[in-house]
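Engineer: So that we are looking at the same thing, I have put the structure below in structure tokens.
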Number of protein chains: 2
Amino acid sequence: MSAPDLLTRLIAAFSRLPGVGEKSARRMVYHLLQSPADDARAMSALLAELPEKIHPCPQCHAWTDRDLCPVCADPKRDRGLICVVENASDVDVFERHRLFGGLYHVLGGHLSPLDGVGPDRLNVQSLMDRLEGVREVVLATGSSTEGESTALYLERLLEARGVKATRLARGIPMGTDLEYLDQLTLLRALEARGSA
Amino acid sequence: MSAPDLLTRLIAAFSRLPGVGEKSARRMVYHLLQSPADDARAMSALLAELPEKIHPCPQCHAWTDRDLCPVCADPKRDRGLICVVENASDVDVFERHRLFGGLYHVLGGHLSPLDGVGPDRLNVQSLMDRLEGVREVVLATGSSTEGESTALYLERLLEARGVKATRLARGIPMGTDLEYLDQLTLLRALEARGSA
């Protein structure tokens, strides 16, 4: 005879979200109860639309509500340049700051043999299928060991196809004191040192 | 040309929840996109039901999906004992651990003159209206200054009606080293000291 069943189930649903524990989920649900009823209704409507309207772009696999995502559909984008990222959310990071003028390709993760994630579980073949007219592929996978080996794997495939593969530069982030840097970042920055 | 509009609106809705910033909201929405579509649908259905089915219990103001909440409706509960709490979520804390055999009364906050919250903005009158046959009211408002003054205010009202008012004991929480305690808790524990 604690909270009504509906609240318990909603708290359970919220606590399955990343970074949300049972206590924060409880706070969220009680917050919604005390908010105008339209807040919960609006959130419900948006969530209902999510699986109906949002699907991966057939070309780059980023999430979109159109036939082709706005980036792939934009005639002003440089079609000779593709940036490969692990997750669709990484595309947002580039786009938010308007840092890149080419197209994207979302792998859907990184290679992880221990978890049984081979190239066939990632969007690798569809990348190979869109290399026509592409002069450079920027490999922007994560800097984890798995991200690095995924990049290495793709680099070899791309070389074999005669397409230039590049990586994001590794080095010291702007505004960071040396003393706070990890050893590996420092080593990479030293190895990749250039003229002042 | 960033994320689809629907995602942007859903991220905005999530980031209005307590303790959720824009980045965590983004992670939650992308997590839902990668989960089975039924997860988003289930959450949507539960949220739609929230304002329709859940309302305050007409007697104690705790959230319920019935005419009277299960605690108020339970004939085994001690009707002579009422525990007054600030928020409906506080009722859950007592109920989860089955610590209390009486009824509850949810104030809906605490007195806060600076924010314009007087007794008329809280469920004070409805508490006074249900004192018939009540021998004791446990004031379990928060230990903030506002919670304390709310308890003091209610204590005077209850005394005038000849109903015994008690407070939760203040003291040292179980399993805590003295050195980690704040000064006020230590002072209260010393003032309220009893026989060993």
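Following the order of the structure tokens, chains are lettered A, B, ..., residues in each are numbered from 1, and ligands are numbered from 1.
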Residues of chain A were defined as contacting chain B if any atom lay at most 9 Å from it, counting only C-alpha atoms; please report them as number ranges by chain.

Structural biologist: A: 1-7, 9-10, 13-14, 17-19, 24, 26-33, 36-55, 62-66, 69-71, 88-89, 91-96

Engineer: How would you write, as a list in words, the set of residues in chain A that DSSP gives as strand (DSSP E)?

Structural biologist: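 Residues of chain A classed as strand (DSSP E): His55, Pro56, Trp63, Thr64, Asp78, Arg79, Gly80, Leu81, Ile82, Cys83, Val84, Val85, Gly102, Leu103, Tyr104, His105, Val106, Glu136, Val137, Val138, Leu139, Lys164, Ala165, Thr166 and Arg167 of chain A.
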
Engineer: Determine, counting only C-alpha atoms, which protein, DNA and RNA residues have an atom within 12 Å of an atom of Val85 in chain A; residues of the same chain fewer than 4 positions away are not included. Present the result as a PyMOL selection string.

Structural biologist: chain A and resi 60-62+89-94+103-110+122-124+127+137-143+147-148+150-151+154+167-168

Engineer: Write out the residues from the selection above, keeping N, CA, C and O atoms, as a tab-separated table (two decimals), in the first residue's frame.

Structural biologist:
```
chain	number	residue	atom	x	y	z
A	60	CYS	N	23.07	7.94	-44.29
A	60	CYS	CA	24.13	8.13	-43.28
A	60	CYS	C	23.77	7.49	-41.94
A	60	CYS	O	24.60	7.47	-41.03
A	61	HIS	N	22.55	7.02	-41.75
A	61	HIS	CA	22.09	6.37	-40.53
A	61	HIS	C	21.92	7.30	-39.34
A	61	HIS	O	21.74	6.83	-38.22
A	62	ALA	N	22.01	8.62	-39.54
A	62	ALA	CA	21.66	9.55	-38.46
A	62	ALA	C	20.14	9.52	-38.29
A	62	ALA	O	19.42	9.15	-39.23
A	89	SER	N	24.37	10.70	-32.03
A	89	SER	CA	24.48	11.90	-31.21
A	89	SER	C	25.78	12.66	-31.51
A	89	SER	O	25.85	13.87	-31.30
A	90	ASP	N	26.80	11.94	-32.01
A	90	ASP	CA	28.05	12.61	-32.37
A	90	ASP	C	27.84	13.60	-33.53
A	90	ASP	O	28.52	14.63	-33.61
A	91	VAL	N	26.91	13.26	-34.43
A	91	VAL	CA	26.60	14.17	-35.55
A	91	VAL	C	26.13	15.50	-35.00
A	91	VAL	O	26.55	16.57	-35.44
A	92	ASP	N	25.25	15.44	-33.97
A	92	ASP	CA	24.75	16.66	-33.34
A	92	ASP	C	25.87	17.54	-32.83
A	92	ASP	O	25.79	18.76	-32.91
A	93	VAL	N	26.90	16.91	-32.24
A	93	VAL	CA	28.00	17.69	-31.68
A	93	VAL	C	28.67	18.52	-32.78
A	93	VAL	O	28.88	19.73	-32.63
A	94	PHE	N	28.96	17.88	-33.93
A	94	PHE	CA	29.55	18.62	-35.05
A	94	PHE	C	28.59	19.68	-35.58
A	94	PHE	O	28.97	20.81	-35.83
A	103	LEU	N	29.56	15.35	-45.44
A	103	LEU	CA	28.46	14.48	-45.01
A	103	LEU	C	28.95	13.60	-43.85
A	103	LEU	O	30.13	13.60	-43.52
A	104	TYR	N	28.01	12.88	-43.23
A	104	TYR	CA	28.37	12.00	-42.11
A	104	TYR	C	28.08	10.55	-42.46
A	104	TYR	O	27.32	10.25	-43.38
A	105	HIS	N	28.64	9.67	-41.64
A	105	HIS	CA	28.25	8.27	-41.68
A	105	HIS	C	28.29	7.73	-40.25
A	105	HIS	O	29.34	7.76	-39.60
A	106	VAL	N	27.13	7.27	-39.77
A	106	VAL	CA	27.03	6.78	-38.39
A	106	VAL	C	27.25	5.27	-38.39
A	106	VAL	O	26.48	4.53	-39.00
A	107	LEU	N	28.29	4.82	-37.67
A	107	LEU	CA	28.60	3.39	-37.63
A	107	LEU	C	27.61	2.61	-36.77
A	107	LEU	O	27.33	1.44	-37.03
A	108	GLY	N	27.12	3.25	-35.73
A	108	GLY	CA	26.23	2.56	-34.80
A	108	GLY	C	27.00	1.84	-33.69
A	108	GLY	O	26.49	0.90	-33.10
A	109	GLY	N	28.20	2.32	-33.39
A	109	GLY	CA	29.01	1.73	-32.32
A	109	GLY	C	30.45	1.56	-32.77
A	109	GLY	O	30.88	2.18	-33.75
A	110	HIS	N	31.18	0.73	-32.03
A	110	HIS	CA	32.56	0.44	-32.44
A	110	HIS	C	32.76	-1.08	-32.42
A	110	HIS	O	31.98	-1.81	-31.81
A	122	LEU	N	27.97	-3.43	-37.60
A	122	LEU	CA	28.06	-1.97	-37.75
A	122	LEU	C	27.72	-1.59	-39.19
A	122	LEU	O	27.69	-2.44	-40.08
A	123	ASN	N	27.50	-0.28	-39.42
A	123	ASN	CA	27.17	0.18	-40.77
A	123	ASN	C	28.46	0.37	-41.59
A	123	ASN	O	28.76	1.48	-42.03
A	124	VAL	N	29.19	-0.72	-41.78
A	124	VAL	CA	30.45	-0.66	-42.51
A	124	VAL	C	30.21	-0.86	-44.01
A	124	VAL	O	30.69	-0.09	-44.84
A	127	LEU	N	28.90	2.09	-45.74
A	127	LEU	CA	29.93	3.12	-45.95
A	127	LEU	C	30.70	2.80	-47.24
A	127	LEU	O	30.90	3.68	-48.09
A	137	VAL	N	37.79	10.44	-46.18
A	137	VAL	CA	36.91	10.02	-45.08
A	137	VAL	C	37.62	10.36	-43.77
A	137	VAL	O	38.74	9.91	-43.53
A	138	VAL	N	36.98	11.22	-42.95
A	138	VAL	CA	37.53	11.58	-41.65
A	138	VAL	C	37.03	10.56	-40.62
A	138	VAL	O	35.82	10.45	-40.41
A	139	LEU	N	37.92	9.83	-40.00
A	139	LEU	CA	37.51	8.83	-39.02
A	139	LEU	C	37.44	9.49	-37.64
A	139	LEU	O	38.46	9.77	-37.02
A	140	ALA	N	36.24	9.78	-37.19
A	140	ALA	CA	36.04	10.48	-35.92
A	140	ALA	C	35.43	9.54	-34.89
A	140	ALA	O	34.55	9.92	-34.12
A	141	THR	N	35.91	8.30	-34.86
A	141	THR	CA	35.45	7.36	-33.83
A	141	THR	C	36.05	7.78	-32.49
A	141	THR	O	36.96	8.61	-32.44
A	142	GLY	N	35.56	7.20	-31.41
A	142	GLY	CA	36.00	7.59	-30.07
A	142	GLY	C	37.47	7.30	-29.82
A	142	GLY	O	38.11	6.55	-30.57
A	143	SER	N	38.01	7.87	-28.74
A	143	SER	CA	39.43	7.68	-28.45
A	143	SER	C	39.65	6.50	-27.49
A	143	SER	O	40.72	6.34	-26.94
A	147	GLY	N	37.43	2.32	-30.13
A	147	GLY	CA	37.28	3.36	-31.15
A	147	GLY	C	38.50	3.42	-32.05
A	147	GLY	O	38.39	3.54	-33.28
A	148	GLU	N	39.68	3.32	-31.41
A	148	GLU	CA	40.94	3.36	-32.16
A	148	GLU	C	41.05	2.18	-33.11
A	148	GLU	O	41.44	2.32	-34.27
A	150	THR	N	38.63	0.40	-34.34
A	150	THR	CA	37.62	0.54	-35.40
A	150	THR	C	38.16	1.45	-36.50
A	150	THR	O	38.02	1.15	-37.70
A	151	ALA	N	38.80	2.55	-36.09
A	151	ALA	CA	39.36	3.49	-37.06
A	151	ALA	C	40.45	2.80	-37.89
A	151	ALA	O	40.49	2.96	-39.12
A	154	LEU	N	38.87	0.51	-40.43
A	154	LEU	CA	38.28	1.25	-41.55
A	154	LEU	C	39.35	1.85	-42.45
A	154	LEU	O	39.21	1.88	-43.68
A	167	ARG	N	42.32	11.15	-39.53
A	167	ARG	CA	41.80	11.06	-38.16
A	167	ARG	C	41.71	12.46	-37.59
A	167	ARG	O	42.46	13.35	-38.00
A	168	LEU	N	40.85	12.67	-36.60
A	168	LEU	CA	40.87	13.94	-35.87
A	168	LEU	C	42.23	14.01	-35.17
A	168	LEU	O	42.75	12.99	-34.72
```

Engineer: Considering only C-alpha atoms, state which residue in the set B:Ser15, B:Ala165, B:Gly118, B:Ser126 is at the smallest distance from Pro58 in chain B.

Structural biologist: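 Selected residue with least distance to Pro58 in chain B: B:Ser126.
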
Engineer: Out of range 38-168 of chain B, which residues get helix (DSSP H, G or I) from DSSP, as a PyMOL selection string?

Structural biologist: chain B and resi 38-53+70-73+88-96+113-115+119-121+125-128+145-160

Engineer: With a distance cut-off of 9 Å and only C-alpha atoms, select the neighbouring residues of Arg135 in chain A, excluding the residue or stretch itself and same-chain residues fewer than 6 positions from it, and output the selection as a list in words.

Structural biologist: Arg79, Gly80, Leu81, Ile82, Gly162, Val163, Lys164 and Ala165 of chain A

Engineer: By how many Å are CA of Thr166 in chain B and CA of Glu191 in chain B apart?

Structural biologist: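 CA of Glu191 in chain B lies at a distance of 16.6 Å from CA of Thr166 in chain B.
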